[in-house]
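This is upload_31.txt (compact mmCIF, C-alpha atoms).
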```txt
# COMPACT_ATOMS: atom_id res chain seq x y z
CA MET Q 1 -6.17 -18.89 145.24
CA ILE Q 2 -3.77 -17.75 147.96
CA ARG Q 3 -2.91 -14.08 148.20
CA VAL Q 4 0.49 -12.89 149.46
CA ILE Q 5 1.44 -9.25 150.03
CA LEU Q 6 5.18 -8.63 149.89
CA PRO Q 7 7.01 -5.55 151.22
CA PRO Q 8 7.85 -2.94 148.56
CA ASN Q 9 11.54 -3.84 148.26
CA LEU Q 10 10.73 -7.51 147.62
CA ARG Q 11 7.99 -6.57 145.14
CA THR Q 12 10.62 -4.55 143.27
CA LEU Q 13 13.01 -7.49 143.35
CA ALA Q 14 10.30 -9.82 142.05
CA HIS Q 15 9.15 -7.35 139.36
CA LEU Q 16 5.71 -7.64 140.89
CA GLU Q 17 2.95 -5.06 141.13
CA GLY Q 18 0.25 -5.73 143.66
CA GLU Q 19 -0.31 -9.07 145.37
CA ALA Q 20 1.37 -12.35 144.58
CA GLU Q 21 -1.18 -15.03 143.71
CA LEU Q 22 -0.49 -18.72 144.30
CA GLU Q 23 -2.29 -22.01 143.70
CA LEU Q 24 -1.44 -24.62 146.31
CA ASN Q 25 -2.77 -28.06 147.17
CA GLY Q 26 -2.58 -29.85 150.50
CA THR Q 27 -2.28 -28.41 153.99
CA LEU Q 28 -1.22 -24.80 153.85
CA THR Q 29 1.61 -23.86 156.22
CA GLN Q 30 4.10 -21.01 156.38
CA CYS Q 31 6.69 -23.38 155.01
CA SER Q 32 4.62 -24.54 152.03
CA LEU Q 33 3.50 -20.99 151.28
CA LEU Q 34 7.07 -19.63 151.32
CA GLU Q 35 8.26 -22.52 149.17
CA ALA Q 36 5.56 -21.65 146.65
CA VAL Q 37 6.52 -17.96 146.71
CA GLU Q 38 10.20 -18.82 146.21
CA SER Q 39 9.36 -21.27 143.45
CA LYS Q 40 7.34 -18.68 141.53
CA TYR Q 41 9.82 -15.87 142.30
CA PRO Q 42 13.26 -17.53 142.64
CA MET Q 43 14.97 -14.16 143.07
CA LEU Q 44 13.34 -13.99 146.53
CA ARG Q 45 15.21 -17.06 147.80
CA GLY Q 46 17.22 -16.09 150.87
CA THR Q 47 15.43 -12.79 151.38
CA MET Q 48 12.63 -13.97 153.68
CA ARG Q 49 14.42 -16.91 155.29
CA ASP Q 50 17.91 -18.30 155.42
CA HIS Q 51 19.00 -20.16 152.28
CA VAL Q 52 20.16 -23.19 154.23
CA THR Q 53 18.40 -23.34 157.59
CA GLN Q 54 15.10 -21.92 156.28
CA VAL Q 55 14.85 -19.86 159.47
CA ARG Q 56 12.93 -16.60 159.10
CA ARG Q 57 15.14 -13.53 158.68
CA PRO Q 58 14.93 -11.43 161.89
CA MET Q 59 13.86 -8.29 160.01
CA VAL Q 60 10.99 -10.11 158.29
CA ARG Q 61 7.64 -10.71 159.95
CA PHE Q 62 4.56 -12.72 158.96
CA PHE Q 63 0.99 -11.61 159.69
CA ALA Q 64 -2.40 -13.06 158.81
CA CYS Q 65 -5.96 -12.28 159.89
CA GLY Q 66 -4.70 -9.60 162.29
CA GLU Q 67 -2.35 -12.02 164.06
CA ASP Q 68 1.43 -12.00 164.25
CA LEU Q 69 2.46 -15.48 163.07
CA SER Q 70 6.19 -14.72 162.99
CA HIS Q 71 6.93 -16.93 165.96
CA GLU Q 72 4.57 -19.78 165.09
CA SER Q 73 5.93 -23.09 163.85
CA PRO Q 74 6.63 -22.98 160.09
CA ASP Q 75 4.78 -26.30 159.84
CA ALA Q 76 1.61 -25.16 161.65
CA PRO Q 77 -1.48 -24.95 159.42
CA LEU Q 78 -2.39 -21.41 158.36
CA PRO Q 79 -5.93 -20.10 158.92
CA ASP Q 80 -8.63 -21.20 156.47
CA ALA Q 81 -9.14 -17.58 155.43
CA ILE Q 82 -5.62 -17.59 153.99
CA ALA Q 83 -6.11 -20.93 152.26
CA ASP Q 84 -9.31 -19.80 150.55
CA GLY Q 85 -7.97 -16.34 149.67
CA THR Q 86 -10.42 -14.40 151.81
CA GLU Q 87 -7.51 -12.80 153.66
CA PRO Q 88 -3.97 -12.12 152.38
CA PHE Q 89 -0.80 -13.43 153.99
CA LEU Q 90 1.30 -10.37 154.88
CA ILE Q 91 5.08 -10.41 154.72
CA ILE Q 92 6.27 -7.27 156.48
CA GLY Q 93 9.79 -5.87 156.58
CA ALA Q 94 11.18 -3.94 159.55
CA ILE Q 95 10.73 -0.23 159.06
CA ALA Q 96 13.77 0.88 157.07
CA GLY Q 97 15.20 4.33 157.48
CA GLY Q 98 12.92 5.51 160.24
CA MET R 99 41.08 16.21 177.53
CA ALA R 100 41.64 12.48 177.89
CA SER R 101 44.67 10.87 176.32
CA ASP R 102 42.62 9.75 173.35
CA GLY R 103 41.47 13.30 172.75
CA MET R 104 37.93 12.79 173.88
CA PRO R 105 36.60 15.24 176.47
CA LYS R 106 36.02 13.81 179.91
CA GLY R 107 32.63 14.19 181.47
CA GLU R 108 30.37 12.66 184.01
CA SER R 109 27.49 10.59 182.75
CA ASN R 110 24.22 12.41 182.77
CA MET R 111 22.62 9.21 183.99
CA PHE R 112 19.51 8.85 181.91
CA VAL R 113 17.98 6.19 184.12
CA TYR R 114 14.52 4.92 183.28
CA ASP R 115 12.02 5.36 186.08
CA ALA R 116 11.28 1.95 187.59
CA SER R 117 9.90 3.21 190.88
CA PRO R 118 6.62 1.76 192.12
CA GLU R 119 5.08 5.22 192.45
CA THR R 120 5.60 6.61 188.94
CA GLY R 121 7.59 4.13 186.90
CA LYS R 122 5.10 1.29 186.64
CA PRO R 123 4.46 -0.40 184.42
CA LEU R 124 8.01 -0.51 183.13
CA THR R 125 6.98 -2.45 180.08
CA THR R 126 8.90 -3.90 177.18
CA HIS R 127 8.78 -2.80 173.56
CA GLN R 128 8.97 -4.77 170.33
CA TRP R 129 12.31 -5.69 168.85
CA TYR R 130 12.84 -5.87 165.10
CA ASP R 131 11.86 -9.53 164.98
CA GLY R 132 8.63 -9.00 166.92
CA THR R 133 9.85 -10.31 170.28
CA GLN R 134 9.55 -8.13 173.36
CA HIS R 135 12.68 -6.27 174.50
CA PRO R 136 13.53 -4.27 177.63
CA TRP R 137 14.15 -0.54 177.49
CA GLU R 138 17.88 0.29 177.21
CA PHE R 139 19.27 3.82 177.05
CA LYS R 140 21.43 4.36 173.97
CA ARG R 141 21.66 8.07 173.14
CA VAL R 142 19.97 11.45 173.25
CA TRP R 143 18.28 12.44 169.99
CA HIS R 144 16.87 15.86 170.78
CA LEU R 145 17.11 18.58 173.44
CA GLU R 146 14.30 21.13 173.80
CA PRO R 147 14.74 24.06 176.20
CA SER R 148 11.74 25.06 178.29
CA LEU R 149 9.91 28.14 177.09
CA HIS R 150 9.54 29.40 180.64
CA ASN R 151 12.63 28.56 182.70
CA PRO R 152 16.25 28.78 181.47
CA ASP R 153 17.34 25.89 183.73
CA HIS R 154 14.64 23.53 182.48
CA VAL R 155 15.20 21.38 179.41
CA TYR R 156 13.63 18.26 177.91
CA ALA R 157 15.51 15.40 176.26
CA GLY R 158 14.13 12.85 173.83
CA VAL R 159 16.16 9.65 173.98
CA GLU R 160 16.61 6.19 172.48
CA ASP R 161 15.10 3.78 173.57
CA ALA R 162 12.18 6.13 173.34
CA ALA R 163 11.46 8.10 176.48
CA LEU R 164 11.17 11.72 177.56
CA PHE R 165 13.42 13.12 180.28
CA GLN R 166 13.39 16.49 182.01
CA SER R 167 16.17 18.41 183.74
CA LYS R 168 15.46 21.25 186.14
CA ASP R 169 19.10 22.07 186.86
CA GLY R 170 20.47 22.96 183.46
CA GLY R 171 21.19 19.39 182.44
CA LYS R 172 23.11 18.19 185.49
CA SER R 173 20.48 15.62 186.40
CA TRP R 174 17.57 14.10 184.53
CA GLN R 175 14.27 12.56 185.54
CA GLU R 176 12.05 10.56 183.24
CA LEU R 177 8.47 11.65 182.56
CA ALA R 178 7.49 8.01 182.87
CA GLY R 179 3.80 8.44 182.13
CA LEU R 180 4.64 8.34 178.43
CA ARG R 181 5.89 4.76 178.57
CA GLY R 182 3.16 3.95 181.05
CA ASN R 183 0.28 4.62 178.69
CA ASP R 184 -0.08 0.91 177.89
CA THR R 185 0.92 1.08 174.22
CA GLY R 186 4.66 0.60 174.88
CA PRO R 187 4.67 -3.10 173.98
CA LYS R 188 3.53 -2.11 170.46
CA TRP R 189 6.36 0.38 169.88
CA GLN R 190 9.20 -0.82 167.68
CA PRO R 191 12.47 0.60 166.38
CA GLY R 192 12.99 1.84 162.87
CA ALA R 193 16.34 1.21 161.26
CA GLY R 194 17.65 4.32 163.02
CA GLY R 195 16.62 2.94 166.41
CA MET R 196 13.59 3.55 168.60
CA CYS R 197 14.04 7.23 169.17
CA LEU R 198 12.02 10.06 170.63
CA HIS R 199 13.04 12.81 168.22
CA THR R 200 10.40 15.55 168.35
CA ILE R 201 9.40 17.63 171.38
CA LEU R 202 6.89 20.45 170.81
CA LEU R 203 6.07 22.78 173.70
CA ASP R 204 2.80 24.70 173.45
CA PRO R 205 3.55 28.40 174.09
CA ASN R 206 -0.05 29.00 175.21
CA ASP R 207 -0.32 26.04 177.56
CA PRO R 208 2.68 24.98 179.67
CA GLU R 209 0.94 21.69 180.48
CA ARG R 210 0.68 20.61 176.83
CA ILE R 211 3.61 18.78 175.19
CA SER R 212 3.52 16.81 171.95
CA ILE R 213 6.23 14.30 171.10
CA ALA R 214 6.95 11.84 168.31
CA ILE R 215 8.66 8.47 168.28
CA SER R 216 9.94 6.30 165.46
CA ALA R 217 8.25 3.89 165.16
CA ALA R 218 5.38 4.40 167.53
CA GLY R 219 3.84 7.67 166.39
CA ALA R 220 2.84 10.94 168.04
CA PHE R 221 1.65 11.40 171.62
CA ARG R 222 0.37 14.37 173.61
CA THR R 223 0.08 15.27 177.27
CA ASP R 224 -2.22 17.99 178.57
CA ASP R 225 -1.15 17.69 182.19
CA GLY R 226 2.56 18.43 182.08
CA GLY R 227 3.65 14.88 181.30
CA LYS R 228 1.72 12.81 183.84
CA THR R 229 -0.59 11.16 181.30
CA TRP R 230 -0.27 10.78 177.54
CA LYS R 231 -2.46 9.69 174.66
CA PRO R 232 -1.62 8.65 171.10
CA ILE R 233 -2.52 11.31 168.49
CA ASN R 234 -2.29 9.31 165.28
CA ARG R 235 -5.85 9.32 163.91
CA GLY R 236 -5.74 9.76 160.15
CA LEU R 237 -2.24 8.36 159.69
CA HIS R 238 -2.12 5.51 157.18
CA SER R 239 1.01 3.36 156.90
CA GLN R 240 0.99 0.59 154.33
CA TYR R 241 4.15 -0.96 155.73
CA ILE R 242 2.68 -2.02 159.09
CA PRO R 243 0.27 -4.92 159.68
CA ASP R 244 -2.71 -2.66 160.42
CA PRO R 245 -2.21 0.47 158.29
CA ASN R 246 -4.60 2.50 160.48
CA ALA R 247 -3.32 1.28 163.85
CA GLU R 248 -3.44 3.55 166.88
CA VAL R 249 0.35 3.23 167.33
CA GLY R 250 3.22 1.84 165.26
CA HIS R 251 3.51 4.61 162.67
CA CYS R 252 6.98 5.77 161.73
CA VAL R 253 6.71 9.51 162.29
CA HIS R 254 9.92 11.21 161.17
CA ARG R 255 9.39 14.78 162.38
CA ILE R 256 6.68 17.23 163.45
CA ALA R 257 6.89 21.03 163.22
CA MET R 258 4.73 23.81 164.66
CA HIS R 259 4.61 27.60 164.35
CA PRO R 260 4.45 29.17 167.82
CA SER R 261 1.61 31.48 166.83
CA ARG R 262 -0.60 28.48 165.90
CA PRO R 263 0.16 25.66 168.33
CA ASN R 264 -2.91 23.69 167.24
CA THR R 265 -1.58 23.35 163.69
CA LEU R 266 1.03 20.61 163.34
CA PHE R 267 2.91 19.54 160.22
CA MET R 268 4.32 16.02 160.03
CA GLN R 269 6.81 14.31 157.75
CA LYS R 270 6.00 10.64 158.13
CA HIS R 271 8.00 7.67 156.77
CA TRP R 272 5.83 8.19 153.71
CA ASP R 273 3.31 11.10 153.52
CA VAL R 274 3.38 14.71 154.63
CA MET R 275 0.48 15.27 157.02
CA ARG R 276 -1.30 18.20 158.68
CA SER R 277 -3.40 18.53 161.82
CA ASP R 278 -5.41 21.60 162.84
CA ASP R 279 -6.57 20.23 166.17
CA ALA R 280 -3.27 19.63 167.96
CA GLY R 281 -2.95 16.13 166.59
CA GLY R 282 -6.54 15.02 167.19
CA SER R 283 -6.82 14.15 163.49
CA TRP R 284 -4.47 14.29 160.51
CA HIS R 285 -4.90 14.62 156.77
CA GLU R 286 -2.39 14.25 153.98
CA VAL R 287 -0.93 17.35 152.30
CA SER R 288 1.75 15.69 150.15
CA GLY R 289 0.13 17.17 147.03
CA ASN R 290 2.56 17.51 144.12
CA LEU R 291 5.77 16.51 145.91
CA PRO R 292 8.06 14.35 143.75
CA SER R 293 8.30 11.94 146.71
CA ASP R 294 6.51 12.20 150.02
CA PHE R 295 9.22 10.24 151.82
CA GLY R 296 11.69 12.38 153.77
CA PHE R 297 12.89 13.30 157.21
CA PRO R 298 12.86 17.01 158.22
CA ILE R 299 9.95 19.45 158.11
CA ASP R 300 10.01 23.04 159.31
CA VAL R 301 7.86 26.18 159.36
CA HIS R 302 8.81 29.71 158.23
CA ALA R 303 9.50 32.00 161.20
CA HIS R 304 6.91 34.62 160.21
CA GLU R 305 4.49 32.81 157.88
CA PRO R 306 2.72 29.96 159.68
CA GLU R 307 1.39 28.51 156.41
CA THR R 308 4.82 28.35 154.75
CA ILE R 309 6.51 25.00 155.31
CA TYR R 310 9.61 23.20 154.05
CA VAL R 311 10.47 19.57 153.35
CA VAL R 312 13.30 17.77 151.53
CA PRO R 313 11.90 14.88 149.45
CA ILE R 314 13.94 11.68 149.47
CA LYS R 315 13.47 8.93 146.88
CA SER R 316 12.31 6.08 149.12
CA ASP R 317 12.78 4.23 152.39
CA SER R 318 15.41 2.01 150.79
CA GLU R 319 17.02 4.74 148.64
CA HIS R 320 18.03 7.61 150.90
CA TYR R 321 18.88 10.28 148.35
CA PRO R 322 16.98 13.01 146.49
CA PRO R 323 14.87 11.90 143.50
CA SER R 324 16.96 11.94 140.29
CA GLY R 325 20.04 12.92 142.32
CA ARG R 326 18.80 16.54 142.43
CA LEU R 327 18.89 18.16 145.87
CA ARG R 328 15.71 20.19 146.19
CA VAL R 329 13.98 21.80 149.13
CA TYR R 330 10.23 21.98 148.59
CA ARG R 331 8.27 24.92 149.97
CA SER R 332 4.53 25.26 150.33
CA ARG R 333 3.04 28.66 151.02
CA ALA R 334 -0.40 27.11 151.37
CA GLY R 335 0.23 24.92 154.39
CA GLY R 336 0.72 21.89 152.16
CA ASN R 337 -0.54 20.27 148.94
CA ASP R 338 0.79 23.00 146.61
CA TRP R 339 4.60 22.72 146.63
CA GLU R 340 7.39 24.45 144.67
CA GLY R 341 10.87 23.04 144.25
CA LEU R 342 13.71 25.34 145.37
CA THR R 343 16.90 24.61 143.46
CA LYS R 344 19.00 27.76 143.05
CA GLY R 345 22.43 27.11 144.52
CA LEU R 346 21.74 23.43 145.27
CA PRO R 347 23.41 20.59 143.32
CA GLN R 348 21.11 19.43 140.53
CA ARG R 349 23.00 16.36 139.32
CA ASN R 350 24.70 13.36 140.88
CA CYS R 351 23.78 14.35 144.44
CA TYR R 352 23.19 11.32 146.64
CA VAL R 353 23.06 12.75 150.16
CA ASN R 354 20.29 12.49 152.73
CA VAL R 355 18.95 15.21 155.01
CA LEU R 356 18.23 13.87 158.49
CA ARG R 357 15.21 14.76 160.59
CA ASP R 358 16.86 17.25 162.95
CA ALA R 359 19.09 18.82 160.30
CA MET R 360 16.84 21.73 159.24
CA SER R 361 16.24 24.98 161.04
CA VAL R 362 14.98 28.53 160.52
CA ASP R 363 16.16 31.79 162.08
CA SER R 364 13.98 34.68 163.23
CA LEU R 365 15.31 37.33 160.83
CA ASP R 366 13.15 39.03 158.23
CA PRO R 367 13.27 37.69 155.59
CA CYS R 368 13.48 34.31 157.25
CA GLY R 369 16.73 32.37 156.94
CA VAL R 370 16.54 28.63 156.34
CA TYR R 371 19.35 26.14 157.03
CA PHE R 372 19.86 22.44 156.43
CA GLY R 373 22.70 19.94 156.64
CA THR R 374 23.35 16.76 154.69
CA THR R 375 24.82 13.36 155.36
CA GLY R 376 27.57 14.41 152.94
CA GLY R 377 28.74 17.06 155.39
CA GLN R 378 27.41 20.19 153.69
CA VAL R 379 25.36 22.87 155.45
CA TYR R 380 23.32 25.07 153.13
CA HIS R 381 21.81 28.44 154.02
CA SER R 382 19.18 30.62 152.39
CA VAL R 383 18.79 34.25 153.49
CA ASP R 384 15.58 34.73 151.51
CA ALA R 385 13.23 32.03 152.78
CA GLY R 386 14.52 29.40 150.37
CA ASP R 387 14.67 31.26 147.06
CA LYS R 388 18.48 30.94 146.79
CA TRP R 389 20.96 28.73 148.65
CA LYS R 390 24.68 28.80 149.45
CA PRO R 391 26.84 26.27 151.27
CA ILE R 392 28.19 27.54 154.60
CA VAL R 393 30.52 24.53 154.99
CA ARG R 394 31.11 21.53 152.77
CA ASP R 395 33.33 19.05 154.54
CA LEU R 396 31.82 18.16 157.90
CA PRO R 397 30.98 14.61 158.93
CA ALA R 398 27.36 13.63 158.35
CA VAL R 399 25.24 16.46 159.76
CA LEU R 400 22.83 15.16 162.38
CA SER R 401 21.41 18.42 163.68
CA VAL R 402 21.20 22.06 162.65
CA GLU R 403 19.99 24.76 165.04
CA ALA R 404 19.84 28.46 164.18
CA GLN R 405 20.11 31.01 166.96
CA THR R 406 19.53 34.68 166.16
CA LEU R 407 21.69 36.97 168.27
CA PRO R 408 20.41 40.44 169.10
```
Represent the structure contained in this file as structure tokens.
Amino acid sequence: MIRVILPPNLRTLAHLEGEAELELNGTLTQCSLLEAVESKYPMLRGTMRDHVTQVRRPMVRFFACGEDLSHESPDAPLPDAIADGTEPFLIIGAIAGG
Amino acid sequence: MASDGMPKGESNMFVYDASPETGKPLTTHQWYDGTQHPWEFKRVWHLEPSLHNPDHVYAGVEDAALFQSKDGGKSWQELAGLRGNDTGPKWQPGAGGMCLHTILLDPNDPERISIAISAAGAFRTDDGGKTWKPINRGLHSQYIPDPNAEVGHCVHRIAMHPSRPNTLFMQKHWDVMRSDDAGGSWHEVSGNLPSDFGFPIDVHAHEPETIYVVPIKSDSEHYPPSGRLRVYRSRAGGNDWEGLTKGLPQRNCYVNVLRDAMSVDSLDPCGVYFGTTGGQVYHSVDAGDKWKPIVRDLPAVLSVEAQTLP
């Protein structure tokens, strides 16, 4: 099981409390993970990446296993610890209002 | 006046120190998308007069840096050691920009200055600004990749009573915090607040354990919970809070109160003042028990300072 932690505003939008949990087969990448999130929570389409180009929104960042993966290729494999659910995939929003 | 009505004036020239002697390393900081970005001066967020010399004043600016003037504001020099403490590349702007908004001068120790930056956290110098260290131990921020990181916390404001310079009160992005060792460690004192998100925090002029905050609903909803404008006062230095409502709008009020828009005077009983983004400035002559608007129709109030004339 893959664990995804969304920022509070997206959790509210998705009517989600706590982590999002996904089941995915095949090589896990940012792209496949985001597609799975958007498939399970269609109201999040366009919030994390552009509807058309699929490019990450500038105010959204991706972290995993203590690393900033925001600028990695969307098609690069994610760490095994994300694939086996040991570590969550963090989607972080820019700090609003500060 | 210029033809467009704006006053003419020479630039104060807030130039970041890039000299080899004191301005290295002139690092970059994080941009919103996580890339590195050079420092660019945008505006002054806070001025703090020296406690010891009427011609000396400090300025906190965006992009975050601390400047000092020794000629009444005519010229400014950066205290570059702050950006040179190696954590600069981890600093990032909040939605308001990457601002240095709080400057606390220790009345007992002219060499000690504490400052706060959104979103980097709090820092302290004990040698007059040459070297700085982060003072963020105990802060916990769920919205950053490492919630207990040394830097990266969105500190909104810090307040101090001059009689107890080692006790600091902080309104963070979320959480109201307290330190009793000049920032060496922090613990949460949000207690029974209806929301621990907010911007200003201030201390009563004569009671160092009496503090004030204005709870705001959330980081994405910048208005008082339930549309009721309430100042919260703790007489216990935190945790136990009472809502102060008399004279404040208690329905359909959707203003914010910004971090520099609260102040106290030195009268007895202590007067408390705050301004809103809706252009109202409210005043209490009795330490917060009752409030009255002084003005109602200003632009968004960014800053309120009370000066008590003899």
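Contact shell of Ile95 of chain Q at 10 Å (all atoms listed in the file; same-chain neighbours under 2 positions omitted): Met59, Val60, Ile92, Gly93, Gly97 and Gly98 of chain Q; Tyr130, Gln190, Pro191, Gly192, Ala193, Gly194, Gly195, Ser216, Ala217, Tyr241, Ile242, Gly250, His251, Cys252, His271, Asp317 and Ser318 of chain R.
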Query - Exercise answer, chain Q residues close to chain R, 9 Å and only C-alpha atoms, as a list in words - result: Pro7, Pro8, Asn9, Arg57, Pro58, Met59, Val60, Arg61, Phe62, Phe63, Ala64, Gly66, Glu67, Asp68, Ser70, His71, Leu90, Ile91, Ile92, Gly93, Ala94, Ile95, Ala96, Gly97 and Gly98 of chain Q
Report task. List the residues sitting within 10 Å of (13.6, 23.1, 176.4) in the file's frame, using all atoms listed in the file, as a list in words. Result -> His144, Leu145, Glu146, Pro147, Ser148, Leu149, His150, Asn151, Pro152, Asp153, His154, Val155, Tyr156, Ala157, Gln166, Ser167, Gly170, Ile201, Leu202 and Leu203 of chain R
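Take atom CA of Pro397 of chain R and atom CA of Gly376 of chain R: the distance between them is 6.9 Å.
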Query raised in the report: Please, what distance in Å, to one decimal, runs between atom CA of His302 of chain R and atom CA of Val329 of chain R?
Result: 13.1 Å
Query raised in the report: Rounded to one decimal in Å, what is the spacing between atom CA of Phe372 of chain R and atom CA of Asp294 of chain R?
Result: 18.0 Å
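Residues of protein, DNA and RNA with at least one atom no farther than 12 Å from (-8.5, -19.8, 155.5) are, using all atoms listed in the file, Q:Met1, Q:Ile2, Q:Arg3, Q:Thr27, Q:Leu28, Q:Thr29, Q:Ala64, Q:Cys65, Q:Pro77, Q:Leu78, Q:Pro79, Q:Asp80, Q:Ala81, Q:Ile82, Q:Ala83, Q:Asp84, Q:Gly85, Q:Thr86, Q:Glu87, Q:Pro88, Q:Phe89.
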Would you output that residue set with C-alpha atoms, as an mmCIF file, in the frame of the given file?
```
data_model
loop_
_atom_site.group_PDB
_atom_site.id
_atom_site.type_symbol
_atom_site.label_atom_id
_atom_site.label_comp_id
_atom_site.auth_asym_id
_atom_site.auth_seq_id
_atom_site.Cartn_x
_atom_site.Cartn_y
_atom_site.Cartn_z
ATOM 1 C CA MET Q 1 -6.170 -18.890 145.240
ATOM 2 C CA ILE Q 2 -3.770 -17.750 147.960
ATOM 3 C CA ARG Q 3 -2.910 -14.080 148.200
ATOM 4 C CA THR Q 27 -2.280 -28.410 153.990
ATOM 5 C CA LEU Q 28 -1.220 -24.800 153.850
ATOM 6 C CA THR Q 29 1.610 -23.860 156.220
ATOM 7 C CA ALA Q 64 -2.400 -13.060 158.810
ATOM 8 C CA CYS Q 65 -5.960 -12.280 159.890
ATOM 9 C CA PRO Q 77 -1.480 -24.950 159.420
ATOM 10 C CA LEU Q 78 -2.390 -21.410 158.360
ATOM 11 C CA PRO Q 79 -5.930 -20.100 158.920
ATOM 12 C CA ASP Q 80 -8.630 -21.200 156.470
ATOM 13 C CA ALA Q 81 -9.140 -17.580 155.430
ATOM 14 C CA ILE Q 82 -5.620 -17.590 153.990
ATOM 15 C CA ALA Q 83 -6.110 -20.930 152.260
ATOM 16 C CA ASP Q 84 -9.310 -19.800 150.550
ATOM 17 C CA GLY Q 85 -7.970 -16.340 149.670
ATOM 18 C CA THR Q 86 -10.420 -14.400 151.810
ATOM 19 C CA GLU Q 87 -7.510 -12.800 153.660
ATOM 20 C CA PRO Q 88 -3.970 -12.120 152.380
ATOM 21 C CA PHE Q 89 -0.800 -13.430 153.990
#
```
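Across R:Gly236, R:Pro306, R:Gly219, R:Gly179, the tightest approach to Asn264 of chain R is made by R:Pro306 when counting only C-alpha atoms.
Residues within 10 Å of Leu16 of chain Q, counting only C-alpha atoms and excluding same-chain residues fewer than 5 positions away, are Leu6, Pro8, Leu10, Arg11 and Tyr41 of chain Q.
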Query raised in the report: For Leu237 of chain R, which residue among R:Leu198, R:Val287, R:Ile213, R:Cys368 is the nearest when counting all atoms listed in the file?
Result: R:Val287
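Taking all atoms listed in the file, the non-local environment of Val37 of chain Q within 9 Å (same-chain residues fewer than 6 positions away omitted) comprises Val4, Ala20, Glu21, Leu22, Leu44 and Arg45 of chain Q.
Ranking R:Thr265, R:Val370, R:Leu365, R:Trp174 by their shortest atom-to-atom distance to Tyr310 of chain R, with only C-alpha atoms included, puts R:Val370 first.
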Query raised in the report: Smallest atom-to-atom distance to Phe267 of chain R: which of R:Gly227, R:Asn337, R:Ile211, R:Lys315, using all atoms listed in the file?
Result: R:Asn337
Report task. Could you give me, as a ChimeraX atom specification, the residues within 6 Å of Glu307 of chain R, counting only C-alpha atoms and dropping anything in the same chain fewer than 6 positions from it? Result -> /R:333-335
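Distance annotation: of Q:Pro74, Q:Pro42, Q:Gly18, Q:Gly26, the residue with the minimal separation from Arg56 of chain Q is Q:Pro74; atom set is only C-alpha atoms.
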